[in-house]
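Shown next: input.txt, given as compact mmCIF, C-alpha atoms.
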```txt
# COMPACT_ATOMS: atom_id res chain seq x y z
CA GLN A 147 52.39 -2.56 15.13
CA PRO A 148 50.01 -5.50 15.59
CA LEU A 149 50.07 -7.75 18.59
CA GLY A 150 52.55 -10.54 17.97
CA ALA A 151 54.72 -8.61 15.49
CA GLU A 152 57.73 -9.44 17.64
CA ARG A 153 56.51 -12.87 18.63
CA PRO A 154 59.24 -15.46 19.25
CA THR A 155 60.22 -18.10 16.78
CA ARG A 156 60.00 -21.81 17.53
CA TYR A 157 63.66 -21.60 18.52
CA ASN A 158 62.86 -19.05 21.21
CA ARG A 159 59.96 -20.97 22.70
CA PRO A 160 59.44 -24.66 21.90
CA ARG A 161 55.98 -26.17 21.90
CA ARG A 162 55.99 -26.98 25.54
CA SER A 163 53.91 -30.14 25.59
CA ASP A 164 56.89 -32.15 24.47
CA LEU A 165 59.43 -29.47 23.47
CA MET A 166 58.63 -30.00 19.78
CA GLY A 167 59.94 -27.43 17.33
CA GLU A 168 63.36 -26.81 18.87
CA THR A 169 66.15 -28.95 17.47
CA ALA A 170 69.17 -30.10 19.41
CA MET A 171 71.39 -28.54 16.75
CA ARG A 172 70.00 -25.04 17.20
CA ARG A 173 70.06 -25.29 21.00
CA THR A 174 73.69 -26.46 20.92
CA ALA A 175 74.67 -23.72 18.46
CA ALA A 176 73.06 -21.05 20.64
CA SER A 177 74.79 -22.40 23.74
CA LEU A 178 78.18 -22.41 21.99
CA LEU A 179 77.71 -18.86 20.74
CA PHE A 180 76.71 -17.70 24.20
CA ALA A 181 79.72 -19.41 25.77
CA LEU A 182 82.06 -17.82 23.23
CA LEU A 183 80.68 -14.32 23.66
CA LEU A 184 80.55 -14.15 27.44
CA PRO A 185 84.33 -14.05 28.09
CA PHE A 186 84.58 -10.96 25.88
CA GLY A 187 81.84 -9.13 27.74
CA ALA A 188 79.32 -9.42 24.94
CA LEU A 189 75.81 -10.80 25.31
CA ALA A 190 74.03 -13.31 23.10
CA ALA A 191 70.87 -12.31 21.29
CA ASP A 192 67.87 -14.39 20.29
CA ASP A 193 66.42 -14.68 16.79
CA ASP A 194 64.42 -11.45 17.20
CA GLY A 195 67.47 -9.50 18.37
CA HIS A 196 66.50 -9.46 22.05
CA VAL A 197 69.56 -9.63 24.24
CA GLN A 198 69.37 -12.61 26.56
CA VAL A 199 68.77 -11.85 30.24
CA THR A 200 71.77 -13.22 32.11
CA ARG A 201 73.00 -12.77 35.64
CA GLY A 202 75.81 -10.59 34.38
CA ARG A 203 73.40 -8.34 32.54
CA VAL A 204 71.26 -7.86 35.65
CA VAL A 205 74.09 -7.33 38.14
CA ASP A 206 76.17 -5.06 35.93
CA GLN A 207 73.43 -2.46 35.48
CA THR A 208 74.09 -0.65 38.74
CA SER A 209 71.42 1.98 38.04
CA ILE A 210 68.67 -0.64 38.36
CA PRO A 211 68.15 -2.07 41.88
CA VAL A 212 68.24 -5.82 42.36
CA TYR A 213 66.17 -7.52 45.06
CA THR A 214 66.65 -10.91 46.57
CA TYR A 215 64.03 -12.53 48.78
CA ARG A 216 63.13 -13.86 52.18
CA ILE A 217 60.50 -16.61 52.38
CA ALA A 218 57.71 -15.48 54.71
CA GLN A 219 55.29 -18.39 54.16
CA THR A 220 55.22 -21.65 52.23
CA TYR A 221 51.93 -23.02 50.90
CA PRO A 222 51.02 -26.26 49.11
CA HIS A 223 50.79 -26.35 45.32
CA ASP A 224 49.57 -29.20 43.15
CA PRO A 225 52.77 -30.70 41.65
CA THR A 226 50.85 -31.72 38.53
CA SER A 227 49.91 -28.12 37.73
CA TYR A 228 51.90 -26.71 34.84
CA THR A 229 51.41 -23.13 36.02
CA GLU A 230 50.85 -20.46 33.40
CA GLY A 231 48.74 -17.90 35.27
CA LEU A 232 48.33 -17.16 38.98
CA VAL A 233 46.01 -14.66 40.68
CA MET A 234 44.86 -14.18 44.28
CA GLU A 235 41.41 -12.65 44.79
CA ASN A 236 39.35 -12.54 47.99
CA GLY A 237 41.58 -15.07 49.71
CA ALA A 238 41.38 -17.66 46.91
CA ILE A 239 43.92 -18.59 44.25
CA TYR A 240 42.87 -18.69 40.61
CA GLU A 241 45.27 -20.67 38.46
CA GLY A 242 45.51 -21.34 34.75
CA THR A 243 47.60 -24.33 33.70
CA GLY A 244 49.07 -25.46 30.39
CA LEU A 245 49.96 -28.49 28.26
CA TYR A 246 47.71 -30.01 25.63
CA GLY A 247 45.14 -32.31 27.17
CA GLN A 248 45.97 -31.10 30.69
CA SER A 249 45.11 -27.40 30.64
CA LYS A 250 42.55 -26.14 33.12
CA LEU A 251 41.25 -23.20 35.07
CA ARG A 252 40.87 -23.77 38.79
CA ARG A 253 40.09 -21.99 42.04
CA TRP A 254 41.71 -23.26 45.25
CA ASP A 255 42.52 -22.40 48.84
CA LEU A 256 45.97 -20.95 49.39
CA ARG A 257 46.54 -22.38 52.86
CA THR A 258 45.30 -25.92 52.33
CA GLY A 259 45.58 -26.40 48.58
CA GLN A 260 41.97 -27.61 48.49
CA VAL A 261 40.44 -27.19 45.03
CA PHE A 262 37.05 -25.49 45.18
CA ASN A 263 36.20 -25.89 41.50
CA GLU A 264 37.93 -26.32 38.19
CA LEU A 265 37.19 -26.38 34.49
CA PRO A 266 39.30 -28.33 31.98
CA LEU A 267 40.03 -26.80 28.59
CA GLU A 268 39.39 -28.73 25.41
CA ARG A 269 42.31 -30.98 24.52
CA HIS A 270 43.41 -28.87 21.57
CA TYR A 271 44.00 -25.79 23.74
CA PHE A 272 47.21 -25.05 25.63
CA GLY A 273 46.16 -22.79 28.52
CA GLU A 274 48.18 -19.71 29.33
CA GLY A 275 47.96 -16.57 31.49
CA ILE A 276 44.88 -15.48 33.41
CA THR A 277 43.62 -12.40 35.21
CA VAL A 278 40.47 -11.38 37.11
CA LEU A 279 38.80 -8.04 36.39
CA ASP A 280 35.32 -6.88 37.47
CA GLY A 281 34.05 -10.37 38.21
CA VAL A 282 35.37 -11.87 34.97
CA ILE A 283 38.28 -14.27 34.59
CA TYR A 284 40.19 -13.90 31.32
CA GLN A 285 42.38 -16.73 30.06
CA LEU A 286 44.75 -16.90 27.08
CA THR A 287 45.82 -19.88 25.01
CA TYR A 288 49.27 -20.39 23.56
CA LEU A 289 48.96 -20.91 19.79
CA ALA A 290 45.21 -21.00 19.09
CA ASN A 291 44.82 -17.18 18.90
CA ILE A 292 41.81 -17.40 21.17
CA GLY A 293 41.08 -16.44 24.75
CA PHE A 294 38.16 -17.12 27.05
CA ALA A 295 36.11 -15.14 29.57
CA TYR A 296 34.53 -16.85 32.60
CA ASP A 297 32.23 -15.90 35.43
CA GLN A 298 34.47 -15.50 38.49
CA ALA A 299 32.03 -17.09 40.92
CA THR A 300 31.21 -20.23 38.94
CA LEU A 301 34.03 -20.54 36.37
CA ARG A 302 31.30 -20.82 33.75
CA ARG A 303 32.58 -19.79 30.33
CA LYS A 304 30.79 -16.67 29.11
CA ASP A 305 32.61 -15.54 26.02
CA SER A 306 35.64 -15.95 23.79
CA PHE A 307 37.86 -13.44 22.03
CA ARG A 308 40.47 -13.49 19.29
CA TYR A 309 43.96 -12.02 19.12
CA VAL A 310 46.92 -12.07 16.77
CA GLY A 311 50.07 -13.92 17.82
CA GLN A 312 50.89 -16.11 20.77
CA GLY A 313 49.32 -15.83 24.22
CA TRP A 314 51.67 -15.90 27.24
CA GLY A 315 51.01 -13.72 30.31
CA LEU A 316 47.96 -11.65 31.28
CA THR A 317 47.12 -9.10 33.96
CA HIS A 318 45.26 -5.77 34.21
CA ASP A 319 45.80 -2.26 35.53
CA GLY A 320 42.28 -1.89 36.90
CA THR A 321 40.89 -0.74 33.57
CA GLN A 322 42.65 -2.46 30.69
CA LEU A 323 44.18 -5.87 30.09
CA LEU A 324 47.95 -6.18 29.75
CA MET A 325 49.11 -9.09 27.64
CA SER A 326 52.52 -10.59 26.81
CA ASP A 327 53.37 -12.75 23.80
CA GLY A 328 56.89 -13.79 24.77
CA SER A 329 58.56 -10.83 23.08
CA SER A 330 59.60 -7.50 24.63
CA THR A 331 56.15 -6.07 23.88
CA ILE A 332 53.19 -5.69 26.24
CA ALA A 333 49.87 -5.19 24.46
CA VAL A 334 47.25 -3.01 26.14
CA VAL A 335 43.83 -4.48 25.39
CA ASP A 336 40.31 -3.12 25.89
CA PRO A 337 38.43 -5.80 27.91
CA LYS A 338 35.12 -4.94 26.26
CA SER A 339 36.09 -4.96 22.59
CA PHE A 340 39.30 -7.00 22.97
CA GLN A 341 40.98 -4.54 20.64
CA VAL A 342 44.64 -3.62 21.14
CA VAL A 343 44.73 0.07 22.05
CA ASN A 344 48.45 0.50 22.76
CA HIS A 345 51.80 -1.25 23.00
CA VAL A 346 54.48 -0.88 25.66
CA PHE A 347 58.03 -1.87 24.72
CA VAL A 348 60.07 -3.18 27.65
CA SER A 349 63.78 -2.45 28.00
CA ASP A 350 66.56 -2.01 30.51
CA ASP A 351 69.71 0.11 30.17
CA ILE A 352 71.11 -2.25 27.53
CA GLY A 353 68.12 -2.71 25.26
CA PRO A 354 64.90 -4.68 24.74
CA VAL A 355 64.08 -7.44 27.23
CA GLY A 356 62.24 -10.35 25.66
CA PHE A 357 60.74 -13.60 26.94
CA LEU A 358 58.24 -11.70 29.09
CA ASN A 359 55.93 -14.37 30.47
CA GLU A 360 53.53 -14.42 33.45
CA LEU A 361 52.44 -10.94 34.54
CA GLU A 362 51.14 -9.26 37.68
CA TYR A 363 50.21 -5.60 38.16
CA VAL A 364 50.68 -4.26 41.69
CA ASP A 365 50.42 -0.63 42.87
CA GLY A 366 51.38 0.91 39.55
CA LYS A 367 54.16 -1.55 38.76
CA LEU A 368 54.17 -4.45 36.34
CA TYR A 369 55.95 -7.66 37.36
CA ALA A 370 56.99 -10.16 34.67
CA ASN A 371 58.61 -13.57 34.84
CA ILE A 372 61.47 -13.76 32.35
CA TRP A 373 61.02 -17.20 30.83
CA GLN A 374 63.75 -19.77 31.57
CA THR A 375 65.46 -17.51 34.13
CA ASN A 376 65.35 -16.96 37.89
CA PHE A 377 64.46 -13.29 37.37
CA ILE A 378 61.31 -11.23 37.64
CA ALA A 379 61.42 -7.82 36.00
CA ILE A 380 59.75 -4.85 37.70
CA ILE A 381 58.49 -2.58 34.93
CA ALA A 382 57.14 0.96 34.80
CA PRO A 383 54.04 0.21 32.71
CA GLN A 384 53.78 3.63 31.07
CA SER A 385 57.33 3.81 29.76
CA GLY A 386 58.25 0.12 29.65
CA LYS A 387 61.49 0.80 31.50
CA ILE A 388 62.68 -1.85 33.92
CA ILE A 389 63.01 -0.21 37.32
CA GLY A 390 64.04 -3.27 39.32
CA TRP A 391 64.94 -6.94 39.18
CA ILE A 392 63.98 -9.72 41.58
CA ASP A 393 66.55 -12.51 41.75
CA LEU A 394 64.88 -15.74 42.88
CA THR A 395 67.96 -17.94 42.51
CA GLY A 396 67.79 -20.80 45.00
CA LEU A 397 64.01 -20.83 45.30
CA ASN A 398 63.57 -23.97 43.16
CA PRO A 399 62.78 -26.66 45.76
CA ASP A 400 64.27 -29.55 43.75
CA PRO A 401 66.65 -28.30 41.04
CA ALA A 402 67.80 -31.83 40.20
CA VAL A 403 64.25 -32.80 39.19
CA LEU A 404 62.56 -29.49 38.36
CA VAL A 405 64.59 -28.67 35.28
CA HIS A 406 63.44 -27.22 31.96
CA PRO A 407 60.55 -26.95 31.21
CA TYR A 408 59.54 -26.97 34.90
CA VAL A 409 60.81 -23.45 35.45
CA LEU A 410 59.88 -20.54 37.66
CA ASN A 411 56.54 -19.12 36.53
CA GLY A 412 53.63 -17.61 38.41
CA ILE A 413 53.25 -14.29 40.24
CA ALA A 414 50.31 -13.28 42.41
CA TYR A 415 49.79 -10.56 45.00
CA ASN A 416 48.46 -11.13 48.49
CA LYS A 417 46.63 -7.91 49.34
CA GLU A 418 46.25 -8.97 52.98
CA THR A 419 50.00 -9.13 53.58
CA GLY A 420 51.33 -6.87 50.84
CA ARG A 421 53.63 -9.64 49.62
CA LEU A 422 54.18 -11.43 46.32
CA LEU A 423 53.34 -15.10 45.84
CA VAL A 424 55.57 -17.00 43.41
CA THR A 425 55.79 -20.56 42.14
CA GLY A 426 56.86 -22.63 39.15
CA LYS A 427 55.54 -25.17 36.68
CA ARG A 428 54.80 -28.36 38.63
CA TRP A 429 56.47 -27.01 41.75
CA PRO A 430 55.11 -28.45 45.01
CA HIS A 431 54.95 -25.09 46.80
CA VAL A 432 53.81 -21.51 46.44
CA TYR A 433 56.13 -19.12 48.26
CA GLU A 434 55.14 -15.84 49.84
CA ILE A 435 58.19 -13.61 49.85
CA ASP A 436 59.56 -10.38 51.22
CA LEU A 437 61.85 -8.46 48.89
CA VAL A 438 65.33 -7.64 50.19
CA LEU A 439 67.37 -4.96 48.42
CA ARG A 440 70.77 -6.30 47.43
CA GLU A 441 73.63 -3.98 48.26
CA LYS A 442 75.63 -2.81 45.28
CA GLN A 443 79.09 -4.26 44.93
```

Take the structure in this file and express it as structure tokens.
Amino acid sequence: QPLGAERPTRYNRPRRSDLMGETAMRRTAASLLFALLLPFGALAADDDGHVQVTRGRVVDQTSIPVYTYRIAQTYPHDPTSYTEGLVMENGAIYEGTGLYGQSKLRRWDLRTGQVFNELPLERHYFGEGITVLDGVIYQLTYLANIGFAYDQATLRRKDSFRYVGQGWGLTHDGTQLLMSDGSSTIAVVDPKSFQVVNHVFVSDDIGPVGFLNELEYVDGKLYANIWQTNFIAIIAPQSGKIIGWIDLTGLNPDPAVLVHPYVLNGIAYNKETGRLLVTGKRWPHVYEIDLVLREKQ
């Protein structure tokens, strides 16, 4: 199955520069269907058949642990950055941002927010996920079917590569790139040839979990933001099974202002502390968190 075979429709993910491609009628219809189904214990599905990730779905699966969080540190984050990819390497943050005409790749200091260097993308590219592997930064774009490779030290663009389907999140397992396209599929990509060598299909006890967005690989586990939710899925990368959920409800620093599309997105790992760093699109802070296991009801 080629990369992008399960890619979302325009209904599932609007063009995020101005939310083009998603009509009010379809959004209203989906909301009404969801509201009608919930009282009967059913769950709404998207156009590809992926069951929507809801709080009820997460909490009711008692075999999968759910973690909440404790904020350990709060760091500054540029509130103009529409975060699509976040990585911490050697004490510095590498960030890829989105939106047409505003997308960039930048390197900055976690504690002060000072930008060391940055590189804007051409106006016709919508930047997406990034990762750093063996001194190379890889960056996806949303709809252009092209990614870029940069020198880690200078951010100088070295190469480009093509892929089928949409580009969303990107990370690596130390050897191969792991790429999401907004579906329930993770593509395993050879970083030398950029060929897809495998697919991992992500599911919980109910079924496929779609809307996989920003990715981070930590100690044999794959973490994925679930787009438009407060949840991060913890995934066993070999099987695709979800082995934990992180519930970040309440983390949004200004929920009255930071509404869709300024949602939770961005996961990095601080090797010095062993903690996750999380943020959102145009959020003013990056949060370093401890995970707290929620007791089962």

Show which residues sit within 8 Å of A:Gln285, as a PDB file with C-alpha atoms, in the coordinates of the input. Count all atoms listed in the file, and ignore same-chain residues fewer than 5 positions away.
```
ATOM      1  CA  GLY A 242      45.510 -21.340  34.750  1.00  0.00           C
ATOM      2  CA  GLY A 273      46.160 -22.790  28.520  1.00  0.00           C
ATOM      3  CA  GLU A 274      48.180 -19.710  29.330  1.00  0.00           C
ATOM      4  CA  GLY A 275      47.960 -16.570  31.490  1.00  0.00           C
ATOM      5  CA  ILE A 276      44.880 -15.480  33.410  1.00  0.00           C
ATOM      6  CA  THR A 277      43.620 -12.400  35.210  1.00  0.00           C
ATOM      7  CA  GLY A 293      41.080 -16.440  24.750  1.00  0.00           C
ATOM      8  CA  PHE A 294      38.160 -17.120  27.050  1.00  0.00           C
ATOM      9  CA  ALA A 295      36.110 -15.140  29.570  1.00  0.00           C
ATOM     10  CA  LEU A 316      47.960 -11.650  31.280  1.00  0.00           C
TER      11      LEU A 316
END
```

Looking at A:Thr395, A:Asn291, A:Asn411, A:Ser349, which one is nearest to A:Ile381, with distances taken over all atoms listed in the file?
-> A:Ser349

Quick one: pull the distance between atom CA of A:Arg252 and atom CA of A:Gly231, Å, one decimal.
->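 These two atoms are separated by 10.4 Å.
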
Show which residues sit within 6 Å of A:Ile392, as a PyMOL selection string. Count only C-alpha atoms, and ignore same-chain residues fewer than 4 positions away.
-> chain A and resi 212-214+377-378

By how many Å are atom CA of A:Ser209 and atom CA of A:Val364 apart?
->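 Going from atom CA of A:Ser209 over to atom CA of A:Val364, I get 22.0 Å.
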
Contacts of A:Glu418 at 12 Å or less, counting all atoms listed in the file, minus same-chain residues fewer than 6 places along, as a list in words?
-> Met234, Glu235, Asn236, Gly237, Ala238 and Glu434 of chain A

Pick from A:Leu397, A:Leu410, A:Gly202, A:Tyr228 nearest to A:Ile435, counting only C-alpha atoms | A:Leu397
